[in-house]
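With mmCIF, C-alpha atoms inside, this is upload.cif:
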data_my_file
loop_
_atom_site.label_atom_id
_atom_site.label_comp_id
_atom_site.auth_asym_id
_atom_site.auth_seq_id
_atom_site.Cartn_x
_atom_site.Cartn_y
_atom_site.Cartn_z
CA MET A 1 189.64 40.09 -6.86
CA LYS A 2 186.08 39.93 -8.03
CA LEU A 3 184.78 42.19 -10.75
CA LEU A 4 182.27 43.88 -8.47
CA GLU A 5 184.97 44.65 -5.95
CA LEU A 6 187.08 46.22 -8.67
CA LEU A 7 184.12 48.32 -9.72
CA GLY A 8 183.88 49.53 -6.13
CA TYR A 9 187.08 51.47 -6.86
CA TYR A 10 185.76 52.96 -10.08
CA ASN A 11 184.83 56.25 -8.41
CA TYR A 12 188.41 56.67 -7.22
CA TRP A 13 189.79 55.94 -10.66
CA VAL A 14 187.49 58.52 -12.20
CA PHE A 15 188.73 60.93 -9.54
CA ALA A 16 192.35 60.16 -10.45
CA ILE A 17 191.80 60.55 -14.20
CA ALA A 18 189.72 63.72 -13.92
CA LEU A 19 192.35 65.13 -11.56
CA VAL A 20 195.19 64.60 -14.01
CA ILE A 21 193.13 65.88 -16.95
CA GLY A 22 192.70 69.11 -15.00
CA LEU A 23 196.38 69.15 -14.09
CA TYR A 24 197.35 68.56 -17.73
CA ALA A 25 195.34 71.62 -18.78
CA VAL A 26 197.00 73.70 -16.07
CA ILE A 27 200.59 72.77 -16.98
CA SER A 28 200.44 72.37 -20.75
CA LYS A 29 198.03 75.07 -21.95
CA THR A 30 199.28 78.60 -22.31
CA ASN A 31 195.86 80.23 -22.46
CA LEU A 32 195.10 81.68 -19.03
CA ILE A 33 191.34 81.00 -19.18
CA LYS A 34 192.04 77.41 -20.24
CA LYS A 35 194.30 77.08 -17.22
CA LEU A 36 191.49 78.24 -14.95
CA ILE A 37 189.10 75.77 -16.61
CA GLY A 38 191.67 73.05 -15.88
CA LEU A 39 191.85 74.19 -12.29
CA SER A 40 188.03 73.90 -12.04
CA ILE A 41 188.18 70.31 -13.30
CA PHE A 42 190.97 69.54 -10.81
CA GLN A 43 188.89 70.99 -8.00
CA SER A 44 185.75 69.06 -9.03
CA ALA A 45 187.77 65.83 -9.05
CA VAL A 46 188.82 66.43 -5.44
CA PHE A 47 185.18 67.06 -4.54
CA LEU A 48 184.28 63.73 -6.13
CA MET A 49 186.86 61.94 -3.96
CA TYR A 50 185.48 63.43 -0.76
CA ILE A 51 181.88 62.67 -1.67
CA THR A 52 182.82 59.11 -2.66
CA MET A 53 184.14 58.59 0.86
CA ASP A 54 180.86 59.65 2.47
CA LYS A 55 178.81 56.84 0.94
CA VAL A 56 177.74 54.01 3.23
CA GLU A 57 176.30 50.87 1.70
CA GLY A 58 172.51 50.83 1.98
CA GLY A 59 172.59 54.35 3.38
CA THR A 60 170.61 57.44 2.45
CA ALA A 61 171.15 61.19 2.62
CA PRO A 62 171.76 62.29 6.23
CA ILE A 63 168.34 63.83 6.81
CA ILE A 64 166.68 62.09 9.71
CA LYS A 65 163.20 60.78 9.07
CA ALA A 66 160.91 60.90 12.09
CA GLY A 67 159.70 57.51 13.24
CA VAL A 68 162.05 55.47 11.07
CA GLU A 69 164.32 53.25 13.11
CA ASP A 70 167.46 51.40 11.94
CA GLN A 71 167.97 53.62 8.93
CA ILE A 72 171.60 53.85 7.83
CA TYR A 73 172.72 57.38 6.96
CA SER A 74 175.72 58.38 4.90
CA ASN A 75 178.48 60.40 6.50
CA PRO A 76 177.50 64.10 6.75
CA LEU A 77 181.00 65.45 7.43
CA PRO A 78 182.59 65.24 3.93
CA GLN A 79 179.38 66.74 2.54
CA VAL A 80 179.70 69.81 4.78
CA LEU A 81 183.34 70.31 3.81
CA ILE A 82 182.61 70.10 0.09
CA LEU A 83 179.40 72.15 0.21
CA THR A 84 181.27 75.18 1.50
CA ALA A 85 184.26 74.46 -0.74
CA ILE A 86 182.10 74.68 -3.89
CA VAL A 87 180.91 78.20 -3.06
CA VAL A 88 184.39 79.31 -2.02
CA GLY A 89 185.67 77.76 -5.26
CA VAL A 90 183.46 79.93 -7.45
CA SER A 91 184.46 83.10 -5.58
CA THR A 92 188.17 82.41 -5.94
CA LEU A 93 187.63 81.45 -9.59
CA ALA A 94 185.97 84.83 -10.15
CA LEU A 95 189.00 86.51 -8.59
CA GLY A 96 191.27 84.62 -10.98
CA LEU A 97 189.15 85.59 -13.97
CA ALA A 98 189.16 89.23 -12.85
CA ILE A 99 192.95 89.17 -12.88
CA VAL A 100 192.92 87.56 -16.35
CA VAL A 101 190.63 90.34 -17.61
CA ARG A 102 193.05 92.98 -16.34
CA VAL A 103 195.99 91.11 -17.85
CA ASN A 104 194.17 91.17 -21.18
CA GLU A 105 193.60 94.92 -20.91
CA ARG A 106 197.25 95.55 -20.14
CA TYR A 107 198.88 93.17 -22.65
CA GLY A 108 196.12 92.65 -25.23
CA THR A 109 196.43 88.88 -24.99
CA ILE A 110 195.70 86.05 -22.57
CA GLU A 111 198.36 83.72 -23.96
CA GLU A 112 201.10 83.19 -21.43
CA SER A 113 203.86 82.89 -24.07
CA GLU A 114 202.95 86.23 -25.68
CA ILE A 115 202.76 87.94 -22.29
CA LEU A 116 206.25 86.70 -21.45
CA GLU A 117 207.57 87.88 -24.81
CA SER A 118 206.21 91.40 -24.47
CA ASP A 119 207.73 91.86 -21.01
CA MET B 1 170.45 49.43 -11.80
CA ILE B 2 171.63 52.60 -10.09
CA PHE B 3 175.09 51.01 -10.16
CA VAL B 4 175.10 50.76 -13.96
CA PHE B 5 173.75 54.29 -14.21
CA SER B 6 176.54 55.51 -11.97
CA LEU B 7 179.19 53.76 -14.10
CA PHE B 8 177.72 55.39 -17.19
CA LEU B 9 177.72 58.85 -15.61
CA LEU B 10 181.27 58.55 -14.35
CA SER B 11 182.55 57.41 -17.75
CA LEU B 12 180.72 60.32 -19.35
CA LEU B 13 182.43 62.63 -16.87
CA ILE B 14 185.86 61.55 -18.13
CA ILE B 15 184.83 61.94 -21.77
CA VAL B 16 183.49 65.43 -21.15
CA ALA B 17 186.64 66.39 -19.22
CA ILE B 18 188.83 65.32 -22.16
CA ALA B 19 186.59 67.22 -24.58
CA ILE B 20 186.88 70.36 -22.43
CA VAL B 21 190.67 70.28 -22.55
CA GLN B 22 190.78 69.38 -26.26
CA ALA B 23 188.34 72.05 -27.48
CA LYS B 24 190.15 74.98 -29.11
CA ASN B 25 187.14 77.25 -28.89
CA LEU B 26 186.92 78.56 -25.32
CA PHE B 27 183.17 79.09 -25.60
CA VAL B 28 182.76 75.37 -26.30
CA SER B 29 185.01 74.55 -23.35
CA VAL B 30 182.94 76.68 -21.00
CA MET B 31 179.64 75.17 -22.15
CA LEU B 32 181.09 71.67 -21.73
CA LEU B 33 182.29 72.64 -18.26
CA SER B 34 178.68 73.44 -17.42
CA ILE B 35 177.68 69.93 -18.55
CA PHE B 36 180.58 68.52 -16.53
CA SER B 37 179.21 70.22 -13.42
CA LEU B 38 175.72 68.90 -14.04
CA LEU B 39 177.08 65.35 -14.41
CA MET B 40 179.07 65.85 -11.24
CA ALA B 41 175.93 67.01 -9.42
CA THR B 42 174.10 63.86 -10.55
CA ASN B 43 176.97 61.73 -9.27
CA PHE B 44 176.89 63.53 -5.93
CA PHE B 45 173.18 62.82 -5.71
CA ILE B 46 173.72 59.11 -6.35
CA LEU B 47 176.35 59.13 -3.60
CA ASP B 48 173.72 60.38 -1.08
CA ALA B 49 175.00 63.95 -0.97
CA ALA B 50 171.76 65.82 -1.73
CA ASP B 51 172.95 69.14 -0.29
CA VAL B 52 176.19 69.07 -2.25
CA ALA B 53 174.37 68.10 -5.46
CA LEU B 54 172.06 71.09 -5.06
CA THR B 55 175.03 73.41 -4.52
CA GLU B 56 177.02 72.02 -7.44
CA ALA B 57 174.03 72.31 -9.79
CA ALA B 58 173.33 75.92 -8.80
CA VAL B 59 176.92 77.12 -8.56
CA GLY B 60 178.83 74.92 -10.99
CA ALA B 61 176.36 74.65 -13.82
CA GLY B 62 174.80 78.08 -13.30
CA ILE B 63 176.97 80.82 -11.90
CA THR B 64 180.43 79.53 -12.87
CA THR B 65 179.32 79.37 -16.51
CA VAL B 66 177.97 82.92 -16.47
CA ILE B 67 181.15 84.28 -14.88
CA PHE B 68 183.33 82.41 -17.38
CA LEU B 69 181.23 83.75 -20.28
CA SER B 70 181.47 87.30 -18.93
CA ALA B 71 185.25 86.92 -18.78
CA LEU B 72 185.33 85.47 -22.32
CA ALA B 73 183.36 88.43 -23.62
CA LEU B 74 186.11 90.66 -22.25
CA THR B 75 189.03 88.62 -23.57
CA ALA B 76 189.49 86.20 -26.46
CA GLN B 77 187.20 83.49 -27.79
CA ARG B 78 189.81 81.19 -29.25
CA GLU B 79 192.91 79.60 -27.89
CA ARG B 80 196.24 79.78 -29.77
CA LYS B 81 197.95 76.58 -30.72
CA VAL B 82 200.49 75.41 -28.18
CA VAL B 83 203.97 74.56 -29.49
CA GLY B 84 206.07 72.00 -27.66
CA GLY B 85 206.08 70.76 -24.08
CA ARG B 86 203.10 68.53 -24.70
CA ASN B 87 204.82 65.18 -24.35
CA ILE B 88 206.54 66.00 -21.07
CA ALA B 89 203.21 67.13 -19.62
CA LEU B 90 201.50 63.96 -20.87
CA ILE B 91 204.16 61.72 -19.34
CA ALA B 92 204.06 63.60 -16.04
CA VAL B 93 200.29 63.35 -15.68
CA ALA B 94 200.25 59.70 -16.81
CA VAL B 95 202.78 58.81 -14.11
CA LEU B 96 200.76 60.74 -11.53
CA ALA B 97 197.52 59.04 -12.60
CA SER B 98 199.02 55.57 -12.32
CA LEU B 99 200.44 56.39 -8.89
CA ILE B 100 197.05 57.60 -7.63
CA ILE B 101 195.27 54.58 -9.11
CA TYR B 102 197.87 52.31 -7.50
CA ALA B 103 197.21 54.04 -4.17
CA THR B 104 193.43 53.56 -4.45
CA PHE B 105 193.85 49.80 -3.97
CA GLU B 106 194.71 50.57 -0.36
CA LYS B 107 191.52 52.59 0.06
CA PRO B 108 188.37 51.11 1.56
CA ARG B 109 185.89 50.01 -1.08
CA LEU B 110 183.04 52.36 -2.02
CA GLY B 111 180.29 52.16 0.61
CA ASP B 112 182.33 50.14 3.13
CA PRO B 113 180.70 50.86 6.52
CA ASN B 114 183.95 50.02 8.35
CA ALA B 115 186.03 52.65 6.54
CA PRO B 116 188.05 54.86 8.94
CA VAL B 117 186.16 57.97 7.81
CA HIS B 118 182.94 56.57 9.28
CA GLN B 119 184.50 55.75 12.67
CA HIS B 120 185.53 59.17 13.93
CA VAL B 121 183.03 61.98 14.71
CA ALA B 122 180.40 61.15 12.09
CA PRO B 123 178.50 58.52 14.16
CA TRP B 124 178.44 60.97 17.05
CA TYR B 125 176.89 63.67 14.82
CA LEU B 126 174.25 61.23 13.57
CA GLU B 127 173.44 59.98 17.05
CA LYS B 128 173.48 63.19 19.09
CA THR B 129 171.99 65.75 16.69
CA PRO B 130 168.35 64.84 17.50
CA GLU B 131 169.16 65.33 21.17
CA TYR B 132 171.23 68.54 21.05
CA ILE B 133 169.80 70.43 18.08
CA ASP B 134 166.75 68.48 16.97
CA ILE B 135 166.67 69.38 13.30
CA PRO B 136 166.37 66.62 10.69
CA ASN B 137 169.08 67.77 8.27
CA ILE B 138 172.37 66.77 9.89
CA VAL B 139 174.41 68.47 7.17
CA THR B 140 172.88 71.83 8.17
CA ALA B 141 173.46 71.04 11.85
CA VAL B 142 177.15 70.24 11.31
CA LEU B 143 177.59 73.17 8.95
CA SER B 144 176.12 75.85 11.16
CA SER B 145 176.57 74.60 14.68
CA TYR B 146 179.25 71.97 15.24
CA ARG B 147 181.55 73.40 12.57
CA GLY B 148 180.35 77.00 12.81
CA TYR B 149 183.91 78.40 12.94
CA ASP B 150 184.69 76.71 9.68
CA THR B 151 181.61 78.13 7.98
CA LEU B 152 182.33 81.61 9.36
CA GLY B 153 185.79 81.34 7.81
CA GLU B 154 184.31 80.28 4.45
CA VAL B 155 181.87 83.22 4.49
CA PHE B 156 184.78 85.57 5.07
CA VAL B 157 186.67 83.98 2.18
CA VAL B 158 183.67 84.63 -0.10
CA PHE B 159 183.50 88.18 1.27
CA THR B 160 187.21 88.76 0.65
CA ALA B 161 187.07 87.31 -2.88
CA CYS B 162 184.11 89.59 -3.68
CA ILE B 163 185.96 92.66 -2.40
CA GLY B 164 189.01 91.57 -4.40
CA VAL B 165 187.03 91.29 -7.65
CA LEU B 166 185.43 94.69 -7.03
CA PHE B 167 188.87 96.26 -6.49
CA ILE B 168 190.44 94.61 -9.54
CA LEU B 169 187.58 95.32 -11.95
CA GLY B 170 186.27 98.47 -10.28
CA ALA B 171 188.92 100.78 -11.77
CA LYS B 172 187.69 102.06 -15.11
CA PRO B 173 189.85 101.37 -18.18
CA ALA B 174 191.95 104.48 -18.80
CA SER B 175 191.13 104.79 -22.50
CA LEU B 176 187.36 104.65 -22.17
CA ARG B 177 186.71 106.62 -19.03
CA GLY B 178 183.29 108.20 -18.91
CA GLU B 179 181.91 106.68 -22.08
CA ARG B 180 179.24 104.32 -20.91
CA ASN B 181 176.42 102.90 -22.86
CA ALA B 182 174.23 102.16 -19.88
CA GLU B 183 171.13 100.80 -21.62
CA ARG B 184 172.17 97.46 -22.96
CA ALA B 185 169.52 95.53 -24.74
CA GLY B 186 170.02 92.11 -23.16
CA LEU B 187 167.91 89.50 -24.88
CA ARG B 188 165.02 91.91 -25.26
CA HIS B 189 164.70 91.28 -28.98
CA HIS B 190 164.63 87.50 -28.66
CA LEU B 191 161.03 86.60 -28.07
CA ILE B 192 161.23 83.00 -26.88
CA PRO B 193 164.01 83.33 -24.26
CA GLN B 194 162.25 86.48 -23.11
CA VAL B 195 158.85 84.83 -22.57
CA VAL B 196 160.21 81.63 -21.04
CA GLY B 197 162.77 83.45 -18.92
CA ARG B 198 160.23 85.90 -17.52
CA LEU B 199 158.09 82.98 -16.46
CA LEU B 200 161.03 81.26 -14.78
CA VAL B 201 162.57 84.14 -12.82
CA PRO B 202 159.93 84.41 -10.05
CA PHE B 203 159.89 80.65 -9.57
CA ILE B 204 163.67 80.44 -9.32
CA VAL B 205 163.70 83.15 -6.66
CA LEU B 206 160.79 81.51 -4.84
CA PHE B 207 162.59 78.16 -4.91
CA GLY B 208 165.69 79.88 -3.54
CA LEU B 209 163.70 81.25 -0.62
CA TYR B 210 162.19 77.81 -0.02
CA VAL B 211 165.66 76.25 0.04
CA GLN B 212 166.76 78.95 2.48
CA PHE B 213 163.97 78.51 4.98
CA HIS B 214 163.49 74.76 4.56
CA GLY B 215 167.22 74.09 4.90
CA GLU B 216 166.83 72.68 8.40
CA TYR B 217 164.32 70.06 7.27
CA GLY B 218 165.43 69.09 3.77
CA PRO B 219 168.42 69.56 1.52
CA GLY B 220 169.33 73.21 1.41
CA GLY B 221 170.57 76.11 3.46
CA GLY B 222 172.17 79.49 3.05
CA PHE B 223 174.88 78.54 0.54
CA GLN B 224 172.47 76.89 -1.89
CA ALA B 225 169.77 79.53 -1.45
CA GLY B 226 172.20 82.39 -2.03
CA ALA B 227 173.44 80.77 -5.22
CA ILE B 228 169.94 79.97 -6.53
CA ILE B 229 168.58 83.48 -5.87
CA ALA B 230 171.68 84.95 -7.53
CA THR B 231 171.02 82.71 -10.55
CA GLY B 232 167.46 84.04 -10.80
CA VAL B 233 168.61 87.66 -10.70
CA ILE B 234 171.39 86.96 -13.23
CA LEU B 235 168.79 85.43 -15.57
CA TYR B 236 166.76 88.62 -15.19
CA ALA B 237 169.85 90.67 -16.00
CA LEU B 238 170.52 88.58 -19.11
CA LEU B 239 166.95 89.03 -20.31
CA GLU B 240 166.29 92.66 -19.48
CA GLY B 241 169.79 94.03 -19.58
CA GLU B 242 172.28 94.96 -16.92
CA ALA B 243 170.70 98.31 -16.09
CA ALA B 244 167.26 96.84 -15.36
CA ALA B 245 168.75 94.33 -12.91
CA LEU B 246 170.64 97.12 -11.17
CA ARG B 247 167.43 99.16 -10.92
CA ALA B 248 165.75 96.17 -9.24
CA ILE B 249 168.64 95.54 -6.85
CA PRO B 250 171.11 98.46 -6.72
CA ARG B 251 174.82 97.96 -6.06
CA SER B 252 174.58 99.52 -2.62
CA VAL B 253 171.98 96.90 -1.60
CA LEU B 254 174.23 94.10 -2.86
CA LEU B 255 177.20 95.40 -0.91
CA GLY B 256 174.95 95.79 2.10
CA LEU B 257 173.95 92.13 1.75
CA VAL B 258 177.57 90.98 1.60
CA VAL B 259 178.72 93.06 4.57
CA GLY B 260 175.47 92.56 6.50
CA GLY B 261 175.52 88.78 6.04
CA ALA B 262 179.09 88.42 7.23
CA LEU B 263 178.45 90.80 10.16
CA LEU B 264 175.24 88.96 11.09
CA PHE B 265 177.14 85.67 11.30
CA GLY B 266 179.96 87.13 13.37
CA GLY B 267 177.50 89.18 15.42
CA VAL B 268 175.59 86.08 16.51
CA GLY B 269 178.90 84.65 17.73
CA VAL B 270 179.63 87.79 19.74
CA VAL B 271 176.10 87.83 21.20
CA CYS B 272 176.65 84.24 22.31
CA MET B 273 179.78 85.38 24.13
CA LEU B 274 177.98 88.33 25.74
CA MET B 275 175.28 85.97 27.01
CA GLY B 276 177.86 83.83 28.75
CA GLY B 277 178.58 81.08 26.23
CA ALA B 278 181.49 80.40 23.93
CA PHE B 279 181.82 82.07 20.51
CA LEU B 280 179.13 80.61 18.20
CA ASP B 281 177.70 78.44 20.99
CA TYR B 282 174.02 79.08 20.30
CA SER B 283 172.73 77.11 23.30
CA VAL B 284 172.74 80.24 25.48
CA LEU B 285 170.51 82.27 23.12
CA GLN B 286 167.31 80.86 24.64
CA SER B 287 166.44 79.36 28.00
CA ASP B 288 166.05 75.97 26.30
CA PRO B 289 169.44 75.03 24.75
CA VAL B 290 167.78 73.12 21.86
CA TRP B 291 165.67 76.17 20.97
CA GLY B 292 168.75 78.33 21.27
CA GLN B 293 170.63 76.13 18.81
CA GLN B 294 167.74 76.26 16.35
CA LEU B 295 167.43 80.03 16.61
CA GLY B 296 171.18 80.43 16.10
CA ILE B 297 171.13 78.17 13.04
CA VAL B 298 168.23 80.03 11.41
CA ILE B 299 169.97 83.39 11.92
CA ILE B 300 173.40 82.35 10.70
CA GLU B 301 171.91 80.54 7.69
CA ALA B 302 170.19 83.80 6.81
CA GLY B 303 173.54 85.56 7.14
CA VAL B 304 175.23 82.99 4.89
CA GLY B 305 172.45 83.30 2.29
CA MET B 306 172.70 87.10 2.24
CA ALA B 307 176.49 87.10 1.98
CA VAL B 308 176.65 84.47 -0.78
CA CYS B 309 173.84 86.01 -2.85
CA GLY B 310 175.28 89.51 -2.52
CA ALA B 311 178.82 88.40 -3.29
CA LEU B 312 177.92 86.38 -6.40
CA LEU B 313 175.73 89.17 -7.78
CA SER B 314 178.37 91.82 -7.08
CA ILE B 315 180.93 89.69 -8.92
CA PHE B 316 178.58 89.28 -11.88
CA HIS B 317 177.84 93.00 -12.06
CA ALA B 318 181.55 93.83 -11.82
CA PHE B 319 182.25 91.73 -14.92
CA ALA B 320 179.14 92.97 -16.76
CA ALA B 321 179.91 96.64 -16.05
CA ARG B 322 183.40 96.17 -17.48
CA GLU B 323 181.85 94.78 -20.63
CA ILE B 324 179.73 97.90 -21.10
CA ALA B 325 182.72 100.14 -20.50
CA GLN B 326 184.73 98.52 -23.29
#

So that I can check it, write out the structure of this file as structure tokens.
Amino acid sequence: MKLLELLGYYNYWVFAIALVIGLYAVISKTNLIKKLIGLSIFQSAVFLMYITMDKVEGGTAPIIKAGVEDQIYSNPLPQVLILTAIVVGVSTLALGLAIVVRVNERYGTIEESEILESD
Amino acid sequence: MIFVFSLFLLSLLIIVAIAIVQAKNLFVSVMLLSIFSLLMATNFFILDAADVALTEAAVGAGITTVIFLSALALTAQRERKVVGGRNIALIAVAVLASLIIYATFEKPRLGDPNAPVHQHVAPWYLEKTPEYIDIPNIVTAVLSSYRGYDTLGEVFVVFTACIGVLFILGAKPASLRGERNAERAGLRHHLIPQVVGRLLVPFIVLFGLYVQFHGEYGPGGGFQAGAIIATGVILYALLEGEAAALRAIPRSVLLGLVVGGALLFGGVGVVCMLMGGAFLDYSVLQSDPVWGQQLGIVIIEAGVGMAVCGALLSIFHAFAAREIAQ
């Protein structure tokens, strides 16, 4: 396999590594905010995978230019899915943080281990 | 050249992600997360996703950071040291990473025009949009017309999340009921952020409105515009204090925007049905189906912009009000 071909997969590898970094934070950290940060990284990695799939070689953003023939456009569909997912992501993240804030008011800590101990 | 730049940005993304997880100070983590989002937005832009890059920059780097910081102000700044369990987690994620990387060799190469994802409906969207809807930005066309159901669902998710945050944070803490220090100073005593910020706020809001109304012709649309306008108002709130921002746009107006935006979107769908079409089939709105589609898209984009802007600002104010109460 040629070097350039290998590099064509680089986006997917970055997706894989960023995904597991996020997952690592979710499963190994006990701080609830850190877990949510990990979840954000995980989510961003998935976005990167979708957007990587939309690219077409020699293509441009799918906004049609009048009078230009034979222009290749990248795939608009993954972009639509991810565009809405980003905004939904921040709303659900805010919901998670709101719950963390209430947990902190009730238990005085946001460390999972201490919360489990005090229960 | 752009290839090398892309490699550099992607490698930086990994380094920043590791730094985010490693940092013990949560404030540092959140600031790095903002940088992570900005890098991600740049990558999206290189991959031809202008609309997504705009959204990620406004939402990820802007609003997510502010919401995280508001939550940090209400909880703890530093993370306790974790004891045990680290190695098992490391092994588990390493195995998962190698499995995913192994699987990527089966995937079509980046930019391959023959990849399965480019064979299904996407060519049809690219080919038929000029004929059926006749707006240049295909992402907006797919978002608001072809996949209108999907977008309606997403708007309702944002709406529900906003209501959820208001319910969870709306109840006043029992110990501090009634004691509210309404006039918070904001950054009023910091001259430079004040001067620069004041200059920026009107332009941010103006740019948001441009993105809203130019969304059919260039990158943009309701989601991006809502997020950008919310960023402008949040900047105002940070500079002038919470109370000043609420005087400019009261809570009732924000809730009206959220409910009104969602209702406007659904209402257009119902009007389409009353005029003899299917739900969210805008072709029947005007005698010329293409004009009908365009009218429908402009209205529902406005609805999306209102709902997103109102929801994000309500969420911000819910966190900020809690901070004052404590």

May I ask which of the residues B:Ala41, B:Val93, B:Leu264, B:Leu239 is the closest one to Leu191 of chain B, counting only C-alpha atoms?
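So, comparing all the options, the nearest one is B:Leu239.
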
Taking all atoms listed in the file into account, what are the residues of chain A at most 7 Å from chain B, put as JSON, numbers by chain?
{"A": [8, 9, 12, 13, 14, 16, 17, 18, 20, 21, 24, 25, 27, 28, 29, 30, 31, 51, 52, 53, 55, 56, 57, 60, 61, 62, 63, 64, 65, 74, 75, 76, 77, 79, 80, 82, 83, 84, 86, 87, 88, 90, 91, 92, 94, 95, 97, 98, 99, 101, 104]}

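Shortest atom-to-atom contact with Leu93 of chain A among B:Leu246, B:Leu274, B:Val253, B:Val66: B:Val66, counting all atoms listed in the file.
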
Residue among B:Met275, B:Ile229, B:Val270, B:Leu313 lying closest to Glu242 of chain B, counting only C-alpha atoms:
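Of B:Met275, B:Ile229, B:Val270, B:Leu313, the one nearest Glu242 of chain B is B:Leu313, counting only C-alpha atoms.
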
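Take atom CA of Phe5 of chain B and atom CA of Leu7 of chain A: the distance between them is 12.8 Å.
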
Report, in Å to a single decimal, how far apart atom CA of Ile249 of chain B and atom CA of Gly96 of chain A are.
25.5 Å

Write out as a list in words the residues lying within 10 Å of Gly296 of chain B, counting only C-alpha atoms and excluding same-chain residues fewer than 6 positions away.
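Final neighbour list, sorted by chain and number: Ser144, Ser145, Phe265, Val268, Gly269, Cys272, Leu280, Asp281, Tyr282, Ser283, Val284, Leu285, Gln286, Val290 and Ala302 of chain B.
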
Report, in Å to a single decimal, how far apart atom CA of Leu32 of chain B and atom CA of Ala57 of chain B are.
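Value for the atom CA of Ala57 of chain B-atom CA of Leu32 of chain B distance: 13.9 Å.
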
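Using all atoms listed in the file, the nearest neighbour of Asp54 of chain A within the list A:Leu39, A:Leu81, A:Ile33, A:Val103 is A:Leu81.
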
Given the file shown, enumerate the residues that the PyMOL selection byres ((chain A and resi 115) around 12) captures and present them as an MDAnalysis selection string.
chainID A and resid 30:32 100 103:114 116:119
